[in-house]
Every structure is written in structure tokens, then in C-alpha cells.
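Chemist: Have a look at this one before I ask anything.
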Amino acid sequence: MKRFSLQDSDHAFVHEIELSDFIGGFRDCYTCGTCTAGCPVHRVNKDYDPLKIMRMLVLGFREELLKGNMIWLCSDCYTCQENCPMEVRITDIINHLKNLATREKNVPLGVSTQKKLLKEQGKIYIIDEFDNKKRAKVGLPALPELAEAAKALLQERE
Amino acid sequence: MEYGLFLGCTIPARSRNYELAARAVASRLGVELIDIEEFSCCGFPLEASDERGALLLAAMNLCIAEERGVDICVLCSACASMLTKTAYHLDHDRKLRDQINQELVKIGKDYKGRAQVKHFARILLEDVGLERIRKQVKRDLKGLKVATHYGCHYLKPSYIYEDFDDPQDPKTLEIILEAVGATNVQYRRKKDCCGGPVLLSDEQVALSVAEEKLKQVRDVGADCMNLVCPFCSLMFDANQKGIEANSGNEFNLPVLYLPQIMGLAFGFSRKELGLNLNSVSTKELESAFEG
């Protein structure tokens, strides 16, 4: 495994997240490991480790966090956050890190595709004529093909 | 009892069985579900890549319900969590609400915080009540052993959900099952995730998470699984055959939505509940309760 150097710590990065009202309390972590112990993804893939993410964040390893794959293995299940004795909002923090990684172009194709679809359609799946026929056949009401207001709302977003 | 029905993206396109069963059960219980064409994506799929965009979409949907003067009934747990979380933040953070409203004004919306968001199962428990549910039971489900998968976003994050259930020891879905006469079976790792959200970044990891759970449910001899979210259903029902092929395990485990099980007890037919649209066949299970 690659050795990290504390000289690479990005303090501005840590400070910026720390200032956030909502997810800023991560320094309270006393590394008990309850997060990792309960994590369903860790159970099947030991490379994924929420405690490591929390420590890397406290130590300011911005590059490793935002350029790596680890944060994208989080299943957003909130088990770690619910179990944390210090009430660190671990899942919400990891979600925010995913947003920062997206800005650095480190984003899985599936996630960026959904983003693109929403900008174009306002919903993930278009409901076309064929879908509405299938819906009608079982007695379900027809739905519009696209979500126009949502499209308009997202239009100017990056 | 009247609610705006929030279907989201996945249910109308991919989970018509859930929609059919929920509408059937709601109508039998006197819950009026109003279709609102303007509703769009809840915002959840944007949360990992554009959290502000996700918040905007969710807020827009909340505004649409407000304008119609209805509370929202949600079938998908991811939609429920996205909409509830957004309402929570906008109601607790005045600055954030002002920022979001500045953007919503472009499409003629203004969030005021008047519409409540509730998952369908929560409506059944809190607004309909067990007594009315029990009264509709026409078929005895005794002996049907059901393993409930709560999923994550139905309960969590708990700070948004006003303690309506306990994520460390959830009970609400099993209370409803008990009311319609099914037998709840317990299994290890009941609270674990289906793996669904990882599907977009690492399919193998996602399917392994689902496989762990299927093994636990099979090992306690459950007749079927019970759930309330189309993503969880995708993982356990639609992907079950693939997981079997990959891992050499055999499950052959029917996976039903809560209203499909309730609908069986209420005497609805297979087609009325969309059971013919489930991936893993439910025929054997149904035949035990025919006649």
C-alpha cells in the first residue's frame, strides 16, 4: 500500500468541510471503528473502510480521497452514521466528498449518466408511448414523457 | 384521506407491480391517491454528483404538492428519504431556504413548507390504522413465513424521520404483516442494505451485498421476502437469477412488495396485484392460499 506523507495534508480542505454547519463535527471521531464494524460493504470488500475515510479526512488527504475509488463504494445505507457514538454524520460527509470528487471529474460513469439524463429529461426513465400502452393495459393512468419543469430547473447547472 | 401520489422515476417504468398493488390496497382502505402529472424525479439520483441540484428538484416537488394542497404519499424509499430530508433542511435552515427559493422563482415556485411527506407504509400505520387493515382481511395467510427487508432510506437517516420507527430495531412493516395474518420470521443482518446504490459504481460489490442477505433469508426457511422499495426489489428479485448464476447458490425466493402481501390477504387476484410481473415466480406461494 502506498505510504502517505503528512506533508501532503491539505488543511484548507479540512477546514472548509469543518466549517459546514451540518457535517462539520468529524473531529469528534475517536476511531472506535464502530462504523467499519457494521458496514455491509466492508463485509464483502475489505478495501472499503469508512473509518479510513474519516481518518484521511481529519489528516487532510484530499488527493487520496477525491481521486481514489473508495468513497464511491459507499452504499449510502447510513449504518455507520446511525451507529456512530459521537454522532458524526459519516454518510452525509461521504456524500459531500462524492460531490467534490465529481467536480474533479472522478465520478463513475453510471452516476454521471444519471446526471446527464436528468438534465435532458427531468427524470431517469422516459415514459414513451409503448410504456403508456403497457400501463393502460393493466389499468394504470398515462404519464407525461418528460418532466419539463425539472428540465428547466436543471438547465443551467454544470 | 387524500394524498398526492409520488411515483418517482423507477416505479412507473420498471415496477408496475408495486404501483398496481399499492393502488389496489389504498383504494380498498379508503385512501385516495391523487395523480399529479407535474411531479418529476425526486432528486435522489443527483445527490452524489450535484447535491444542490438534488435539493432543488426535491424542493420543486414539495412546492407542487403545496400548490395542490395535499400531503405526499411516496412508494419508493429513496424518494421518501430525499423529499423528507429536503423538507427537514429547508424547515430548519432559513438561509438555505432563501437560497433555494431564489432559484425556484425562475420556474415560478416558492417553498413554504406546507406539504408533509410520508412513505406509503407509514400512512398505513399512522393514518389508516391496524384496525381498518384487519377488517379487510378475507384470506387467511397463516403459515406464510415472511422475512422483512426494511431497506435503508425507509428509516434513515433517522434525524429526518421523527422517530416513527427505530432504525436499530425496526418494527413497523412487521406490525402491518402481523395485522394481515402473516408470520414474521427473523434472520441475521435484517437491517443490512440491499447494495443497490453501489450498482452504479461497482456491480460486483453491489451483488455481493445482496447475496449475503439472500443467504440469511434462505437459511431461516422464509417463504418470501417483504420490502417497500423498487431498488431493493431490483437487487433481490430482478437480479436474483444473476446472483445465483454468479455464486452457485440457489435461492428461488419470491420477493414481494408489502402491498402485494396485504393484497393477497385482502382477496385480490394475482393480476390485480401485478404478481405476474415479479421476476421470481410467486405461483407456488399463492397456490397455498387459493380457494
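We name chains A, B, ... following the order of the C-alpha cells; residues begin at 1 in each chain, and ligands are numbered from 1 as shown.
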Write down, as a list in words, each residue of chain B that has any atom within 7 Å of an atom of chain A, counting only C-alpha atoms.

Modeler: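 Result: Cys9, Ala13, Glu37, Glu38, Ser40, Cys41, Pro45, Leu46, Ala48, Ser49, Asp50, Glu51, Gly53, Leu57, Ile107, Cys152, Lys156, Pro157, Asp192, Cys193, Gly195, Pro197, Val198, Leu200, Ser201, Asp202, Val205, Ser208 and Val209 of chain B.
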
Chemist: Output as a ChimeraX atom specification all residues of chain A that backbone DSSP marks as alpha helix (DSSP H).

Modeler: /A:11-18,34-38,40-44,50-58,62-67,79-83,90-103,109-121,129-137,148-154

Chemist: Would you save the residues of that selection, restricted to C-alpha atoms, as a PDB file, in the first residue's frame?

Modeler:
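This is the output file again-v4.pdb:
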```pdb
ATOM      1  CA  HIS A  11      -5.519  21.902   5.732  1.00  0.00           C
ATOM      2  CA  ALA A  12      -7.688  24.288   3.735  1.00  0.00           C
ATOM      3  CA  PHE A  13      -9.730  21.307   2.526  1.00  0.00           C
ATOM      4  CA  VAL A  14     -10.270  20.023   6.071  1.00  0.00           C
ATOM      5  CA  HIS A  15     -11.111  23.478   7.327  1.00  0.00           C
ATOM      6  CA  GLU A  16     -13.673  24.113   4.600  1.00  0.00           C
ATOM      7  CA  ILE A  17     -15.609  20.957   5.409  1.00  0.00           C
ATOM      8  CA  GLU A  18     -15.235  21.608   9.126  1.00  0.00           C
ATOM      9  CA  THR A  34     -17.981   1.044  15.024  1.00  0.00           C
ATOM     10  CA  CYS A  35     -18.601   2.462  11.536  1.00  0.00           C
ATOM     11  CA  THR A  36     -16.474  -0.150   9.802  1.00  0.00           C
ATOM     12  CA  ALA A  37     -17.645  -2.991  12.042  1.00  0.00           C
ATOM     13  CA  GLY A  38     -21.257  -2.551  10.929  1.00  0.00           C
ATOM     14  CA  PRO A  40     -22.310  -4.107   4.838  1.00  0.00           C
ATOM     15  CA  VAL A  41     -19.945  -3.119   2.019  1.00  0.00           C
ATOM     16  CA  HIS A  42     -16.851  -3.690   4.192  1.00  0.00           C
ATOM     17  CA  ARG A  43     -18.168  -7.182   4.873  1.00  0.00           C
ATOM     18  CA  VAL A  44     -17.839  -8.098   1.190  1.00  0.00           C
ATOM     19  CA  PRO A  50     -15.437   4.210   6.448  1.00  0.00           C
ATOM     20  CA  LEU A  51     -13.084   4.696   9.418  1.00  0.00           C
ATOM     21  CA  LYS A  52     -10.192   5.104   6.978  1.00  0.00           C
ATOM     22  CA  ILE A  53     -12.200   7.731   5.127  1.00  0.00           C
ATOM     23  CA  MET A  54     -12.800   9.629   8.375  1.00  0.00           C
ATOM     24  CA  ARG A  55      -9.103   9.484   9.317  1.00  0.00           C
ATOM     25  CA  MET A  56      -7.969  10.522   5.847  1.00  0.00           C
ATOM     26  CA  LEU A  57     -10.324  13.469   6.096  1.00  0.00           C
ATOM     27  CA  VAL A  58      -9.029  14.559   9.521  1.00  0.00           C
ATOM     28  CA  ARG A  62      -7.547  15.442  -0.107  1.00  0.00           C
ATOM     29  CA  GLU A  63      -5.973  13.906  -3.200  1.00  0.00           C
ATOM     30  CA  GLU A  64      -6.252  10.340  -1.941  1.00  0.00           C
ATOM     31  CA  LEU A  65      -9.896  10.835  -1.033  1.00  0.00           C
ATOM     32  CA  LEU A  66     -11.069  12.706  -4.094  1.00  0.00           C
ATOM     33  CA  LYS A  67      -9.005  10.931  -6.747  1.00  0.00           C
ATOM     34  CA  THR A  79     -25.492   2.269   9.037  1.00  0.00           C
ATOM     35  CA  CYS A  80     -22.193   3.922  10.071  1.00  0.00           C
ATOM     36  CA  GLN A  81     -23.846   7.256  10.757  1.00  0.00           C
ATOM     37  CA  GLU A  82     -26.652   5.727  12.826  1.00  0.00           C
ATOM     38  CA  ASN A  83     -24.175   3.653  14.853  1.00  0.00           C
ATOM     39  CA  ILE A  90     -20.356   9.918   8.262  1.00  0.00           C
ATOM     40  CA  THR A  91     -22.698   9.080   5.381  1.00  0.00           C
ATOM     41  CA  ASP A  92     -23.580  12.722   4.782  1.00  0.00           C
ATOM     42  CA  ILE A  93     -19.859  13.578   4.798  1.00  0.00           C
ATOM     43  CA  ILE A  94     -19.053  10.809   2.301  1.00  0.00           C
ATOM     44  CA  ASN A  95     -21.867  12.040   0.077  1.00  0.00           C
ATOM     45  CA  HIS A  96     -20.357  15.522   0.151  1.00  0.00           C
ATOM     46  CA  LEU A  97     -16.942  14.047  -0.736  1.00  0.00           C
ATOM     47  CA  LYS A  98     -18.589  12.335  -3.730  1.00  0.00           C
ATOM     48  CA  ASN A  99     -19.778  15.770  -4.847  1.00  0.00           C
ATOM     49  CA  LEU A 100     -16.267  17.210  -4.532  1.00  0.00           C
ATOM     50  CA  ALA A 101     -14.822  14.232  -6.439  1.00  0.00           C
ATOM     51  CA  THR A 102     -17.400  14.769  -9.208  1.00  0.00           C
ATOM     52  CA  ARG A 103     -16.113  18.321  -9.615  1.00  0.00           C
ATOM     53  CA  LEU A 109     -19.974   6.500 -15.471  1.00  0.00           C
ATOM     54  CA  GLY A 110     -23.317   5.324 -14.052  1.00  0.00           C
ATOM     55  CA  VAL A 111     -23.535   8.356 -11.761  1.00  0.00           C
ATOM     56  CA  SER A 112     -22.603  10.907 -14.430  1.00  0.00           C
ATOM     57  CA  THR A 113     -25.014   9.268 -16.884  1.00  0.00           C
ATOM     58  CA  GLN A 114     -27.901   9.700 -14.449  1.00  0.00           C
ATOM     59  CA  LYS A 115     -26.953  13.348 -14.051  1.00  0.00           C
ATOM     60  CA  LYS A 116     -26.989  13.816 -17.816  1.00  0.00           C
ATOM     61  CA  LEU A 117     -30.335  12.036 -18.176  1.00  0.00           C
ATOM     62  CA  LEU A 118     -31.923  14.240 -15.543  1.00  0.00           C
ATOM     63  CA  LYS A 119     -30.765  17.406 -17.298  1.00  0.00           C
ATOM     64  CA  GLU A 120     -32.163  16.147 -20.593  1.00  0.00           C
ATOM     65  CA  GLN A 121     -35.374  14.534 -19.394  1.00  0.00           C
ATOM     66  CA  GLU A 129     -45.928   5.582 -25.953  1.00  0.00           C
ATOM     67  CA  PHE A 130     -45.025   1.942 -25.502  1.00  0.00           C
ATOM     68  CA  ASP A 131     -44.725   2.363 -21.719  1.00  0.00           C
ATOM     69  CA  ASN A 132     -48.062   4.122 -21.562  1.00  0.00           C
ATOM     70  CA  LYS A 133     -49.641   1.322 -23.597  1.00  0.00           C
ATOM     71  CA  LYS A 134     -48.283  -1.202 -21.109  1.00  0.00           C
ATOM     72  CA  ARG A 135     -49.589   0.942 -18.269  1.00  0.00           C
ATOM     73  CA  ALA A 136     -53.015   1.250 -19.887  1.00  0.00           C
ATOM     74  CA  LYS A 137     -53.190  -2.498 -20.397  1.00  0.00           C
ATOM     75  CA  GLU A 148     -40.394  19.760 -18.297  1.00  0.00           C
ATOM     76  CA  ALA A 149     -40.224  21.888 -15.130  1.00  0.00           C
ATOM     77  CA  ALA A 150     -37.414  19.755 -13.742  1.00  0.00           C
ATOM     78  CA  LYS A 151     -35.544  20.069 -17.029  1.00  0.00           C
ATOM     79  CA  ALA A 152     -35.847  23.846 -16.879  1.00  0.00           C
ATOM     80  CA  LEU A 153     -34.643  23.902 -13.282  1.00  0.00           C
ATOM     81  CA  LEU A 154     -31.500  21.907 -14.030  1.00  0.00           C
TER      82      LEU A 154
END
```

Chemist: May I have the residues within 8 Å of Cys232 in chain B as a PyMOL selection string, using only C-alpha atoms and disregarding those fewer than 5 positions away in the same chain?

Modeler: chain B and resi 151+194-196+227

Chemist: Those residues you just picked out, can you put them in a file as a PDB file, in the first residue's frame with C-alpha atoms?

Modeler:
```pdb
ATOM      1  CA  GLY B 151     -34.065  -1.231   3.464  1.00  0.00           C
ATOM      2  CA  CYS B 194     -29.578  -4.287  -0.468  1.00  0.00           C
ATOM      3  CA  GLY B 195     -26.421  -2.912  -2.119  1.00  0.00           C
ATOM      4  CA  GLY B 196     -28.431  -1.082  -4.777  1.00  0.00           C
ATOM      5  CA  LEU B 227     -39.987  -4.981   1.034  1.00  0.00           C
TER       6      LEU B 227
END
```

Chemist: Quick one: residues within 9 Å of range 174-180 of chain B, only C-alpha atoms counted, chain neighbours fewer than 4 positions away excluded, as a list in words?

Modeler: Ala121, Leu124, Leu125, Leu130, Glu131, Ile133, Arg134, Gln136, Val137, Arg139, Asp140, Leu141, Val146, Ala147, Thr148, Pro170, Asn184, Leu258, Ile261, Met262, Ala265 and Phe266 of chain B

Chemist: Just the strand (DSSP E or B) stuff from range 168-235 of chain B, please, per backbone DSSP, written as a short mmCIF file (atom, residue, chain, number, x, y, z; two decimals) with N, CA and C atoms, in the first residue's frame.

Modeler:
```cif
data_model
loop_
_atom_site.label_atom_id
_atom_site.label_comp_id
_atom_site.auth_asym_id
_atom_site.auth_seq_id
_atom_site.Cartn_x
_atom_site.Cartn_y
_atom_site.Cartn_z
N THR B 183 -46.84 -14.60 9.10
CA THR B 183 -45.93 -14.91 10.20
C THR B 183 -44.56 -14.28 9.92
N ASN B 184 -44.10 -13.44 10.84
CA ASN B 184 -42.80 -12.81 10.66
C ASN B 184 -41.68 -13.75 11.08
N CYS B 224 -40.98 -16.11 1.62
CA CYS B 224 -40.76 -14.97 0.73
C CYS B 224 -40.14 -13.82 1.51
N MET B 225 -39.71 -12.82 0.75
CA MET B 225 -39.17 -11.61 1.34
C MET B 225 -40.23 -10.52 1.17
N ASN B 226 -40.25 -9.57 2.08
CA ASN B 226 -41.18 -8.46 2.02
C ASN B 226 -40.38 -7.17 2.00
N LEU B 227 -40.71 -6.24 1.07
CA LEU B 227 -39.99 -4.98 1.03
C LEU B 227 -40.86 -3.84 0.51
#
```
